[in-house]
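Single-structure report; data block below.
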Protein chains: 4
Amino acid sequence: MSLLHYNFRSQLLGYYVNVTIALPTKEISILRPGDADPRIHPSNLGKDHYAPGMKFQTLYLIHGGGDEDTLTYRFTNIERYAEEKKLMVVTPGIPNSFGADALYGVNYFSFLTEELPIIVQSLFPSSPKREDNFVAGYAMGGNVALAMGMIRPDLYQTCVDMSGGIGMTLNTDAMVEELAGDHFRTRFPRFNATFGKPEDFPGSRFDLYPIAKKHVEDGDPLTDLYIVCGDKEFIRARVENDVKKLQEIGHPVTYVKAEGYDHDFRTWDHFLEVAVNEWLPLKNRVIYPE
Amino acid sequence: MSLLHYNFRSQLLGYYVNVTIALPTKEISILRPGDADPRIHPSNLGKDHYAPGMKFQTLYLIHGGGDEDTLTYRFTNIERYAEEKKLMVVTPGIPNSFGADALYGVNYFSFLTEELPIIVQSLFPSSPKREDNFVAGYAMGGNVALAMGMIRPDLYQTCVDMSGGIGMTLNTDAMVEELAGDHFRTRFPRFNATFGKPEDFPGSRFDLYPIAKKHVEDGDPLTDLYIVCGDKEFIRARVENDVKKLQEIGHPVTYVKAEGYDHDFRTWDHFLEVAVNEWLPLKNRVIYPE
Amino acid sequence: MSLLHYNFRSQLLGYYVNVTIALPTKEISILRPGDADPRIHPSNLGKDHYAPGMKFQTLYLIHGGGDEDTLTYRFTNIERYAEEKKLMVVTPGIPNSFGADALYGVNYFSFLTEELPIIVQSLFPSSPKREDNFVAGYAMGGNVALAMGMIRPDLYQTCVDMSGGIGMTLNTDAMVEELAGDHFRTRFPRFNATFGKPEDFPGSRFDLYPIAKKHVEDGDPLTDLYIVCGDKEFIRARVENDVKKLQEIGHPVTYVKAEGYDHDFRTWDHFLEVAVNEWLPLKNRVIYPE
Amino acid sequence: MSLLHYNFRSQLLGYYVNVTIALPTKEISILRPGDADPRIHPSNLGKDHYAPGMKFQTLYLIHGGGDEDTLTYRFTNIERYAEEKKLMVVTPGIPNSFGADALYGVNYFSFLTEELPIIVQSLFPSSPKREDNFVAGYAMGGNVALAMGMIRPDLYQTCVDMSGGIGMTLNTDAMVEELAGDHFRTRFPRFNATFGKPEDFPGSRFDLYPIAKKHVEDGDPLTDLYIVCGDKEFIRARVENDVKKLQEIGHPVTYVKAEGYDHDFRTWDHFLEVAVNEWLPLKNRVIYPE
């Protein structure tokens, strides 16, 4: 597996950001199938070869609050799981941003869904087709993934929300209550600075319920949605409310209550492996130009 | 010169941050002076040797708005200049934060002046003495450096503010006007989100004039201050107002109007070299435990 | 957990090398025990605090052949395991070097055992005491760890050799045979370039058997040794010969034949967790200056 | 300017290597020319836009002996120079390898000229056309660049050899003498391990003179060659002999004796700027698919 650290200036954010990208190159050879070369150990030859225009299916993997783009690769083994499936993984650094176009003036949602894909598909070997693009996240990143899937189902075939209990949700009332309460105001003031006054929240660009509802009602293609939460997680009720709201509006969702799992990297490492092996519709191959 | 990328979770910010540190190890040997070793080329031996407890004088170097911690090392040659003088350089990544304890809830000034020095002096070979600590910055980082020197003169022997034209200033009226105007509100909303309402600004924690004035009046030890601005820079009037205000309150300052220089890295690369070679009171040696 | 990438010029190797270091800082606070600060979430406060002179117990973790210093952190979860135990981890990049002072002129063994510890203990918070220093490795790195423990038992309290089947060994005859044969000459010529002619091998600086035997006979303090091999590994016979030879000379060794494990990162991730949790004599605390 | 660190396993070398790549993205927009977006500052809009299939002209920039791939970007300002000209820069880490297919069994020349271009052109936006590919190097990297240009003129339009005084040369006799002498054998044994016995050198794959001569005689397209040496450099005689030998065989070469320059980064920083601004046939634009 190859790892790529990319540092560039985002136009929509107005500053340099870091993105960590894993490329599944282990089985890809500089030789064409059938060719041999005494300098290359036969075990290094595979069925795939390097070629300009080659593309990979791509998973946007969103880190948790307080984390950043390299940590996901250090605290899980996602590189190893993705390698086996010829899946490219893209993790942008979005520290404590909630992945939102925040009211204090940073446009993380636009960055994630408008700028990042254009750049990744223009500079790196990422397939632009919807069927080849997926999003997953854990903790705060679970909510970011959820928002990306609900607001932009045209972009992502599949969404995996693991342990998402803070930030954008289908449960409008919960957010209104959180914005009105003292907890975040005292402990995490950026929450209120991002999402604004409780009375302005319903129907705002952050309110997933009416947005998802409309996509369902309009018959838009919907993102396949998996939601995971450990049975020991302190945010389980909030996660399960997201599931209920989705069912209420008729949005398909697969919910996994993970017995014995808590809000930690043991959970996220395990369900990343499950997602890659079972949930994402992976082609297990390089996509070559026709 | 050695380069160190450090990624850690800041307690005061609540998320992982990146810090890039340059260590002037080129002339430092694993051998003691006088020792020889056939495996080591004589040109690799120097007057200094590695020893637990060794320390370097340390320059905190603050990047500009829109930049980040690695960029300063890529776009200037500061590593080369610092190497010659046995100076350690520390650049934290503080993207578009103005280095302020922002009203939307991120404490960058506390991070810079309270958390970062403790960590750098506990984990890395940085001298804790005031006489060994300096701060410099360019563009937005110039104002951050200025604020660090004005608010915490007990921490920094010397401050170099290059081309600082946005953010904390000695000129209270300018900030009030900027906060009241449309320019930042439209183009850079985080400015207002950071510093708040114009009417609340005077006397706030961001208002350097009364803070610096009090340090002068109280007879506190003051940070030696150098301010640089290219004569072609669009923010020159604002910089020169800082100089005037400092003179008004009797705070010593050396102002350099750089003929032929503009608001770009050619300026900052050049004056970093000047600062290291002429302005900072450098000892040109490793500081060993007594 | 904090991650540090250090890039410096090795005197003994003559070129810049990369070292990746993990520091267990998650539970360490900038506040002293008992202090409180409204800006810091109580969950971020621990029993330990930053202080100049603080030290960690240190594991030198040696990557496999073909790998490098960052890969170990990406393909295992060692950061998470070490964090829990307040253990610092140091992984130097030593690509395909066998960790040997190779006959073609690169001194990796000297680098690993003479230069790296001095630098790590001078610039970073690593305890210099033997009781606080350990070495582990996997695949080619298992043999490097084994060599470090056998040749320099004065430096390492404990050694963990996982799946080490290529490079320095206790089995002199095996190396002589490998050096005389065609396999490495054709497939991996650096093997022969490193270790030389088969007839010169016995008694050379690479031949661990007489070196370990002498340490045993001289009554030197010996490094506690753990050897692990999966029962499915293709190099198991070679590993078990190392165990036999150690028993032959009376060197204590704990051998674990891991049922169901093969020569891959699933094995190494698992046994790194076991080593950290069960085998290394860890103090589970920061070591402060007295 | 964007910076990309790529870590991958080379098939021809058999281990993970680092490559640092700079991409000239500063003036490239996610918007098409003429489009506007209130979220994007007008100064961030340029004439170029991101698009799949876009390509850049590419400079392979080879670091010096003892250096590595990030150092070139830290000790020079090449990113800034390349940005202005829409030039992509690729620096592989090839520590003390002489860029040669060394006799001790590492194939750096094959890696540089066969594997690296395929990978760079398959995964990143690098134009594959000869007219868009250049190579430059300094110190040991100067000789590597020279060898790449002399042996593979079909790949590189232009070659810039700065201060190249060690390794592959047009002066067969000099290499034979160096290989026979004591200096390298004692001080830098990898030199002999790489290039072999003096008597085997003439006509070997390392001997540039007959190779270049044949390309001239065969009327092959030749790489445009610039050779630079400071008048104070200790290796100037060796460099000027390369120039003489090239003139002898009728290979066009532009030689610049740089008055006042020595064997250091001041020289290489300056002449990288000259090369980018004056010597390389740059198009100053993104190359889009037709």
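Identifiers in the structure tokens: chain A, B, ... in order shown; residue index from 1 per chain; ligand index from 1 in order shown.
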
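Within the 9 Å cut-off around Arg266 (chain D), using only C-alpha atoms and omitting residues fewer than 5 positions from it on the same chain, the listed residues are Phe75, Thr76, Tyr261 and Phe271 of chain D.
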
Write out the residues from the selection above, keeping N, CA and C atoms, as an mmCIF file, in the first residue's frame.
```cif
data_model
loop_
_atom_site.group_PDB
_atom_site.id
_atom_site.type_symbol
_atom_site.label_atom_id
_atom_site.label_comp_id
_atom_site.auth_asym_id
_atom_site.auth_seq_id
_atom_site.Cartn_x
_atom_site.Cartn_y
_atom_site.Cartn_z
ATOM 1 N N PHE D 75 16.042 23.460 1.535
ATOM 2 C CA PHE D 75 17.279 24.243 1.441
ATOM 3 C C PHE D 75 17.341 25.116 0.181
ATOM 4 N N THR D 76 16.363 24.932 -0.718
ATOM 5 C CA THR D 76 16.248 25.838 -1.858
ATOM 6 C C THR D 76 14.798 26.339 -1.903
ATOM 7 N N TYR D 261 30.858 31.535 -6.718
ATOM 8 C CA TYR D 261 30.024 30.467 -6.156
ATOM 9 C C TYR D 261 30.864 29.270 -5.719
ATOM 10 N N PHE D 271 20.994 28.638 -9.179
ATOM 11 C CA PHE D 271 20.955 28.100 -10.532
ATOM 12 C C PHE D 271 19.699 27.262 -10.808
#
```

With a cut-off of 8 Å, could you pull out the residues of chain D touching chain A and give me the nearest pair of atoms for each, distance in Å to one decimal, using only C-alpha atoms, ordered by chain and ascending number, as a Markdown table?
```
| residue | atom | partner | partner_atom | distance |
| --- | --- | --- | --- | --- |
| D:Met1 | CA | A:Phe8 | CA | 6.8 |
| D:Ser2 | CA | A:Phe8 | CA | 4.4 |
| D:Leu3 | CA | A:Asn7 | CA | 5.3 |
| D:Leu4 | CA | A:Tyr6 | CA | 4.5 |
| D:His5 | CA | A:His5 | CA | 5.1 |
| D:Tyr6 | CA | A:Leu4 | CA | 4.5 |
| D:Asn7 | CA | A:Leu3 | CA | 5.3 |
| D:Phe8 | CA | A:Ser2 | CA | 4.4 |
| D:Arg9 | CA | A:Ser2 | CA | 7.1 |
| D:Gln11 | CA | A:Ile40 | CA | 6.3 |
| D:Leu12 | CA | A:Ile40 | CA | 5.9 |
| D:Thr25 | CA | A:Phe8 | CA | 8.0 |
| D:Lys26 | CA | A:Arg9 | CA | 7.4 |
| D:Ser29 | CA | A:Gln11 | CA | 7.5 |
| D:Ile30 | CA | A:Glu115 | CA | 6.5 |
| D:Arg39 | CA | A:Leu12 | CA | 6.4 |
| D:Ile40 | CA | A:Leu12 | CA | 5.9 |
| D:His41 | CA | A:Gln11 | CA | 7.9 |
| D:Asn44 | CA | A:Gln11 | CA | 6.6 |
| D:Tyr50 | CA | A:Ser122 | CA | 5.9 |
| D:Ala51 | CA | A:Ser122 | CA | 5.0 |
| D:Pro52 | CA | A:Ser122 | CA | 4.0 |
| D:Gly53 | CA | A:Ser122 | CA | 6.5 |
| D:Met54 | CA | A:Ser122 | CA | 6.7 |
| D:Glu115 | CA | A:Ile30 | CA | 6.5 |
| D:Ile118 | CA | A:Tyr50 | CA | 6.8 |
| D:Ile119 | CA | A:Tyr50 | CA | 6.6 |
| D:Gln121 | CA | A:Pro52 | CA | 5.9 |
| D:Ser122 | CA | A:Pro52 | CA | 4.0 |
| D:Leu123 | CA | A:Pro125 | CA | 5.5 |
| D:Phe124 | CA | A:Phe124 | CA | 5.4 |
| D:Pro125 | CA | A:Leu123 | CA | 5.5 |
```

Would you export the selected residues with N, CA and C atoms as a tab-separated table (two decimals), in the first residue's frame, please?
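Contents of the output file result-v5.tsv:
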```tsv
chain	number	residue	atom	x	y	z
D	1	MET	N	1.59	26.70	-4.03
D	1	MET	CA	2.25	25.45	-4.45
D	1	MET	C	1.83	24.33	-3.52
D	2	SER	N	1.56	23.19	-4.06
D	2	SER	CA	1.18	22.03	-3.26
D	2	SER	C	2.37	21.09	-3.13
D	3	LEU	N	2.47	20.46	-2.00
D	3	LEU	CA	3.56	19.51	-1.80
D	3	LEU	C	2.97	18.14	-1.45
D	4	LEU	N	3.55	17.15	-2.07
D	4	LEU	CA	3.04	15.79	-1.98
D	4	LEU	C	4.20	14.89	-1.56
D	5	HIS	N	3.99	14.14	-0.48
D	5	HIS	CA	4.98	13.13	-0.08
D	5	HIS	C	4.40	11.77	-0.42
D	6	TYR	N	5.11	11.04	-1.23
D	6	TYR	CA	4.60	9.74	-1.66
D	6	TYR	C	5.54	8.65	-1.20
D	7	ASN	N	4.98	7.67	-0.53
D	7	ASN	CA	5.75	6.57	0.03
D	7	ASN	C	5.22	5.28	-0.57
D	8	PHE	N	6.04	4.60	-1.33
D	8	PHE	CA	5.56	3.38	-2.00
D	8	PHE	C	6.69	2.36	-2.10
D	9	ARG	N	6.30	1.14	-2.39
D	9	ARG	CA	7.28	0.07	-2.50
D	9	ARG	C	7.72	-0.04	-3.94
D	11	GLN	N	9.27	-1.79	-7.02
D	11	GLN	CA	9.48	-3.17	-7.44
D	11	GLN	C	10.95	-3.42	-7.78
D	12	LEU	N	11.57	-2.45	-8.41
D	12	LEU	CA	12.94	-2.66	-8.86
D	12	LEU	C	13.94	-2.55	-7.72
D	25	THR	N	-0.12	24.39	-8.25
D	25	THR	CA	-1.58	24.53	-8.27
D	25	THR	C	-2.08	25.89	-7.83
D	26	LYS	N	-1.17	26.78	-7.47
D	26	LYS	CA	-1.60	28.02	-6.85
D	26	LYS	C	-2.61	28.80	-7.69
D	29	SER	N	-7.87	26.85	-10.53
D	29	SER	CA	-9.13	27.03	-9.82
D	29	SER	C	-10.06	25.85	-10.00
D	30	ILE	N	-10.94	25.65	-9.02
D	30	ILE	CA	-12.00	24.65	-9.20
D	30	ILE	C	-13.11	25.20	-10.10
D	39	ARG	N	-18.11	32.55	-2.70
D	39	ARG	CA	-17.31	31.96	-1.62
D	39	ARG	C	-15.82	32.02	-1.91
D	40	ILE	N	-15.47	32.33	-3.16
D	40	ILE	CA	-14.06	32.30	-3.54
D	40	ILE	C	-13.57	33.71	-3.83
D	41	HIS	N	-12.48	34.09	-3.17
D	41	HIS	CA	-11.91	35.41	-3.38
D	41	HIS	C	-11.45	35.53	-4.83
D	44	ASN	N	-8.19	34.35	-6.04
D	44	ASN	CA	-7.93	32.92	-6.12
D	44	ASN	C	-8.32	32.31	-7.45
D	50	TYR	N	-9.03	22.99	-12.70
D	50	TYR	CA	-8.84	21.55	-12.52
D	50	TYR	C	-9.69	20.77	-13.51
D	51	ALA	N	-9.11	19.72	-14.07
D	51	ALA	CA	-9.87	18.83	-14.96
D	51	ALA	C	-9.16	17.49	-15.03
D	52	PRO	N	-9.91	16.40	-14.96
D	52	PRO	CA	-9.27	15.09	-15.12
D	52	PRO	C	-8.51	15.03	-16.43
D	53	GLY	N	-7.32	14.44	-16.39
D	53	GLY	CA	-6.49	14.35	-17.59
D	53	GLY	C	-5.52	15.50	-17.75
D	54	MET	N	-5.62	16.51	-16.89
D	54	MET	CA	-4.67	17.63	-16.97
D	54	MET	C	-3.26	17.14	-16.65
D	115	GLU	N	11.09	2.80	-13.65
D	115	GLU	CA	9.95	2.64	-12.76
D	115	GLU	C	9.31	3.99	-12.39
D	118	ILE	N	6.99	5.76	-15.05
D	118	ILE	CA	5.72	5.05	-15.27
D	118	ILE	C	4.75	5.36	-14.13
D	119	ILE	N	5.28	5.30	-12.91
D	119	ILE	CA	4.42	5.52	-11.74
D	119	ILE	C	3.96	6.97	-11.68
D	121	GLN	N	3.67	9.10	-14.08
D	121	GLN	CA	2.74	9.43	-15.17
D	121	GLN	C	1.41	8.66	-15.06
D	122	SER	N	1.39	7.59	-14.29
D	122	SER	CA	0.14	6.84	-14.12
D	122	SER	C	-0.69	7.35	-12.97
D	123	LEU	N	-0.04	7.80	-11.90
D	123	LEU	CA	-0.78	8.19	-10.69
D	123	LEU	C	-0.92	9.69	-10.53
D	124	PHE	N	-0.03	10.46	-11.16
D	124	PHE	CA	-0.02	11.90	-10.96
D	124	PHE	C	-0.07	12.63	-12.30
D	125	PRO	N	-0.36	13.93	-12.27
D	125	PRO	CA	-0.61	14.64	-13.55
D	125	PRO	C	0.68	15.09	-14.23
```

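Across the structure, CA of Val276 (chain B) and CA of Leu87 (chain B) are spaced 8.5 Å apart.
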
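Computed from the coordinates, the CA of Pro221 (chain C) to CA of Asn277 (chain C) distance equals 23.6 Å.
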
Original post:
Which polymer residues have any atom within 8 Å of an atom of region 173-183 of chain C, counting only C-alpha atoms, with same-chain residues fewer than 6 positions away left out, as a list in words?
Top reply: Gly167, Phe191, Asn192, Phe195, Gly196, Lys197, Pro198, Glu199, Phe201 and Pro202 of chain C

Those same residues, written as a PDB file, in the first residue's frame with all heavy atoms?
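Writing done, so here's part.pdb:
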```
ATOM      1  N   GLY C 167      18.711 -13.019   7.715  1.00  0.00           N
ATOM      2  CA  GLY C 167      19.737 -12.161   8.286  1.00  0.00           C
ATOM      3  C   GLY C 167      20.374 -12.819   9.498  1.00  0.00           C
ATOM      4  O   GLY C 167      20.372 -14.054   9.615  1.00  0.00           O
ATOM      5  N   PHE C 191      22.131  -9.452   0.032  1.00  0.00           N
ATOM      6  CA  PHE C 191      22.401 -10.381   1.127  1.00  0.00           C
ATOM      7  C   PHE C 191      23.885 -10.739   1.140  1.00  0.00           C
ATOM      8  O   PHE C 191      24.575 -10.570   2.145  1.00  0.00           O
ATOM      9  CB  PHE C 191      21.533 -11.632   0.950  1.00  0.00           C
ATOM     10  CG  PHE C 191      21.604 -12.608   2.073  1.00  0.00           C
ATOM     11  CD1 PHE C 191      20.888 -12.407   3.244  1.00  0.00           C
ATOM     12  CD2 PHE C 191      22.384 -13.760   1.955  1.00  0.00           C
ATOM     13  CE1 PHE C 191      20.953 -13.327   4.283  1.00  0.00           C
ATOM     14  CE2 PHE C 191      22.459 -14.677   2.992  1.00  0.00           C
ATOM     15  CZ  PHE C 191      21.742 -14.467   4.157  1.00  0.00           C
ATOM     16  N   ASN C 192      24.367 -11.180  -0.011  1.00  0.00           N
ATOM     17  CA  ASN C 192      25.781 -11.546  -0.092  1.00  0.00           C
ATOM     18  C   ASN C 192      26.696 -10.334   0.025  1.00  0.00           C
ATOM     19  O   ASN C 192      27.752 -10.402   0.652  1.00  0.00           O
ATOM     20  CB  ASN C 192      26.047 -12.276  -1.414  1.00  0.00           C
ATOM     21  CG  ASN C 192      25.379 -13.643  -1.455  1.00  0.00           C
ATOM     22  OD1 ASN C 192      24.166 -13.725  -1.625  1.00  0.00           O
ATOM     23  ND2 ASN C 192      26.136 -14.716  -1.240  1.00  0.00           N
ATOM     24  N   PHE C 195      26.955  -9.617   3.845  1.00  0.00           N
ATOM     25  CA  PHE C 195      27.572 -10.548   4.791  1.00  0.00           C
ATOM     26  C   PHE C 195      28.851 -11.207   4.268  1.00  0.00           C
ATOM     27  O   PHE C 195      29.580 -11.831   5.026  1.00  0.00           O
ATOM     28  CB  PHE C 195      26.554 -11.617   5.188  1.00  0.00           C
ATOM     29  CG  PHE C 195      25.385 -11.077   5.952  1.00  0.00           C
ATOM     30  CD1 PHE C 195      24.100 -11.117   5.424  1.00  0.00           C
ATOM     31  CD2 PHE C 195      25.566 -10.492   7.203  1.00  0.00           C
ATOM     32  CE1 PHE C 195      23.009 -10.617   6.129  1.00  0.00           C
ATOM     33  CE2 PHE C 195      24.480  -9.984   7.913  1.00  0.00           C
ATOM     34  CZ  PHE C 195      23.199 -10.037   7.375  1.00  0.00           C
ATOM     35  N   GLY C 196      29.120 -11.097   2.968  1.00  0.00           N
ATOM     36  CA  GLY C 196      30.393 -11.567   2.452  1.00  0.00           C
ATOM     37  C   GLY C 196      30.453 -13.039   2.082  1.00  0.00           C
ATOM     38  O   GLY C 196      29.425 -13.686   1.885  1.00  0.00           O
ATOM     39  N   LYS C 197      31.666 -13.525   1.977  1.00  0.00           N
ATOM     40  CA  LYS C 197      31.892 -14.902   1.527  1.00  0.00           C
ATOM     41  C   LYS C 197      31.527 -15.890   2.632  1.00  0.00           C
ATOM     42  O   LYS C 197      31.798 -15.640   3.801  1.00  0.00           O
ATOM     43  CB  LYS C 197      33.358 -15.079   1.161  1.00  0.00           C
ATOM     44  CG  LYS C 197      33.795 -14.223  -0.014  1.00  0.00           C
ATOM     45  CD  LYS C 197      35.271 -14.398  -0.299  1.00  0.00           C
ATOM     46  CE  LYS C 197      35.731 -13.358  -1.316  1.00  0.00           C
ATOM     47  NZ  LYS C 197      37.194 -13.210  -1.334  1.00  0.00           N
ATOM     48  N   PRO C 198      30.992 -17.047   2.241  1.00  0.00           N
ATOM     49  CA  PRO C 198      30.596 -18.028   3.262  1.00  0.00           C
ATOM     50  C   PRO C 198      31.772 -18.439   4.152  1.00  0.00           C
ATOM     51  O   PRO C 198      31.608 -18.583   5.360  1.00  0.00           O
ATOM     52  CB  PRO C 198      30.062 -19.212   2.436  1.00  0.00           C
ATOM     53  CG  PRO C 198      30.391 -18.945   1.017  1.00  0.00           C
ATOM     54  CD  PRO C 198      30.632 -17.487   0.873  1.00  0.00           C
ATOM     55  N   GLU C 199      32.935 -18.549   3.568  1.00  0.00           N
ATOM     56  CA  GLU C 199      34.064 -19.046   4.357  1.00  0.00           C
ATOM     57  C   GLU C 199      34.540 -18.015   5.392  1.00  0.00           C
ATOM     58  O   GLU C 199      35.167 -18.377   6.386  1.00  0.00           O
ATOM     59  CB  GLU C 199      35.238 -19.461   3.445  1.00  0.00           C
ATOM     60  CG  GLU C 199      35.813 -18.355   2.579  1.00  0.00           C
ATOM     61  CD  GLU C 199      35.173 -18.268   1.193  1.00  0.00           C
ATOM     62  OE1 GLU C 199      33.961 -18.626   1.052  1.00  0.00           O
ATOM     63  OE2 GLU C 199      35.855 -17.814   0.257  1.00  0.00           O
ATOM     64  N   PHE C 201      32.433 -16.111   7.093  1.00  0.00           N
ATOM     65  CA  PHE C 201      31.338 -15.798   8.009  1.00  0.00           C
ATOM     66  C   PHE C 201      31.554 -16.261   9.458  1.00  0.00           C
ATOM     67  O   PHE C 201      31.372 -15.470  10.383  1.00  0.00           O
ATOM     68  CB  PHE C 201      30.016 -16.356   7.466  1.00  0.00           C
ATOM     69  CG  PHE C 201      28.853 -15.927   8.298  1.00  0.00           C
ATOM     70  CD1 PHE C 201      28.264 -14.680   8.118  1.00  0.00           C
ATOM     71  CD2 PHE C 201      28.388 -16.727   9.341  1.00  0.00           C
ATOM     72  CE1 PHE C 201      27.226 -14.258   8.936  1.00  0.00           C
ATOM     73  CE2 PHE C 201      27.342 -16.308  10.157  1.00  0.00           C
ATOM     74  CZ  PHE C 201      26.770 -15.073   9.959  1.00  0.00           C
ATOM     75  N   PRO C 202      31.928 -17.518   9.673  1.00  0.00           N
ATOM     76  CA  PRO C 202      32.048 -17.985  11.062  1.00  0.00           C
ATOM     77  C   PRO C 202      33.031 -17.120  11.862  1.00  0.00           C
ATOM     78  O   PRO C 202      34.163 -16.866  11.409  1.00  0.00           O
ATOM     79  CB  PRO C 202      32.551 -19.425  10.911  1.00  0.00           C
ATOM     80  CG  PRO C 202      32.075 -19.865   9.569  1.00  0.00           C
ATOM     81  CD  PRO C 202      32.198 -18.619   8.713  1.00  0.00           C
TER      82      PRO C 202
END
```

Subject >> Members of region 167-230 of chain C assigned strand (DSSP E) by DSSP, as a count of residues only >> reply: 7

Subject >> Surrounding residues of Val144 (chain B) excluding itself and chain neighbours under 5 positions, 8 Å, only C-alpha atoms, as JSON, numbers by chain >> reply: {"B": [62, 98, 99, 100, 137, 167, 168]}

Keeping only all heavy atoms, write those residues as an mmCIF file, in the first residue's frame.
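Printed below is out.cif as written:
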```
data_model
loop_
_atom_site.group_PDB
_atom_site.id
_atom_site.type_symbol
_atom_site.label_atom_id
_atom_site.label_comp_id
_atom_site.auth_asym_id
_atom_site.auth_seq_id
_atom_site.Cartn_x
_atom_site.Cartn_y
_atom_site.Cartn_z
ATOM 1 N N ILE B 62 6.186 32.262 13.236
ATOM 2 C CA ILE B 62 4.749 32.158 12.981
ATOM 3 C C ILE B 62 4.444 32.421 11.502
ATOM 4 O O ILE B 62 4.787 33.483 10.974
ATOM 5 C CB ILE B 62 3.969 33.156 13.863
ATOM 6 C CG1 ILE B 62 4.470 33.099 15.325
ATOM 7 C CG2 ILE B 62 2.473 32.883 13.774
ATOM 8 C CD1 ILE B 62 4.281 31.771 16.027
ATOM 9 N N PHE B 98 -5.367 33.954 13.435
ATOM 10 C CA PHE B 98 -4.924 35.238 13.985
ATOM 11 C C PHE B 98 -4.175 35.055 15.309
ATOM 12 O O PHE B 98 -3.880 36.023 16.002
ATOM 13 C CB PHE B 98 -6.097 36.210 14.209
ATOM 14 C CG PHE B 98 -6.889 36.470 12.979
ATOM 15 C CD1 PHE B 98 -8.079 35.793 12.738
ATOM 16 C CD2 PHE B 98 -6.444 37.382 12.038
ATOM 17 C CE1 PHE B 98 -8.804 36.026 11.586
ATOM 18 C CE2 PHE B 98 -7.171 37.633 10.883
ATOM 19 C CZ PHE B 98 -8.356 36.941 10.658
ATOM 20 N N GLY B 99 -3.868 33.806 15.671
ATOM 21 C CA GLY B 99 -3.160 33.552 16.934
ATOM 22 C C GLY B 99 -3.908 34.080 18.139
ATOM 23 O O GLY B 99 -3.303 34.411 19.166
ATOM 24 N N ALA B 100 -5.222 34.111 18.046
ATOM 25 C CA ALA B 100 -6.034 34.737 19.101
ATOM 26 C C ALA B 100 -6.890 33.697 19.831
ATOM 27 O O ALA B 100 -7.226 32.654 19.277
ATOM 28 C CB ALA B 100 -6.943 35.793 18.479
ATOM 29 N N GLY B 137 7.396 36.538 12.959
ATOM 30 C CA GLY B 137 6.319 36.107 12.083
ATOM 31 C C GLY B 137 6.245 37.000 10.870
ATOM 32 O O GLY B 137 6.824 38.093 10.843
ATOM 33 N N GLY B 167 -4.952 41.623 11.786
ATOM 34 C CA GLY B 167 -5.073 41.022 13.111
ATOM 35 C C GLY B 167 -4.608 41.984 14.194
ATOM 36 O O GLY B 167 -4.655 43.205 14.004
ATOM 37 N N MET B 168 -4.174 41.438 15.306
ATOM 38 C CA MET B 168 -3.903 42.265 16.478
ATOM 39 C C MET B 168 -2.867 43.356 16.202
ATOM 40 O O MET B 168 -1.862 43.120 15.541
ATOM 41 C CB MET B 168 -3.499 41.373 17.652
ATOM 42 C CG MET B 168 -4.706 40.578 18.188
ATOM 43 S SD MET B 168 -4.351 39.602 19.665
ATOM 44 C CE MET B 168 -3.872 38.042 18.914
#
```

**OP:** Find the residues near Pro281 (chain C): any atom within 10 Å, counting only C-alpha atoms, skip ones fewer than 2 places away on the same chain, and give them as a ChimeraX atom specification.
**Re:** /C:57,131-134,157-158,275-279,283-284
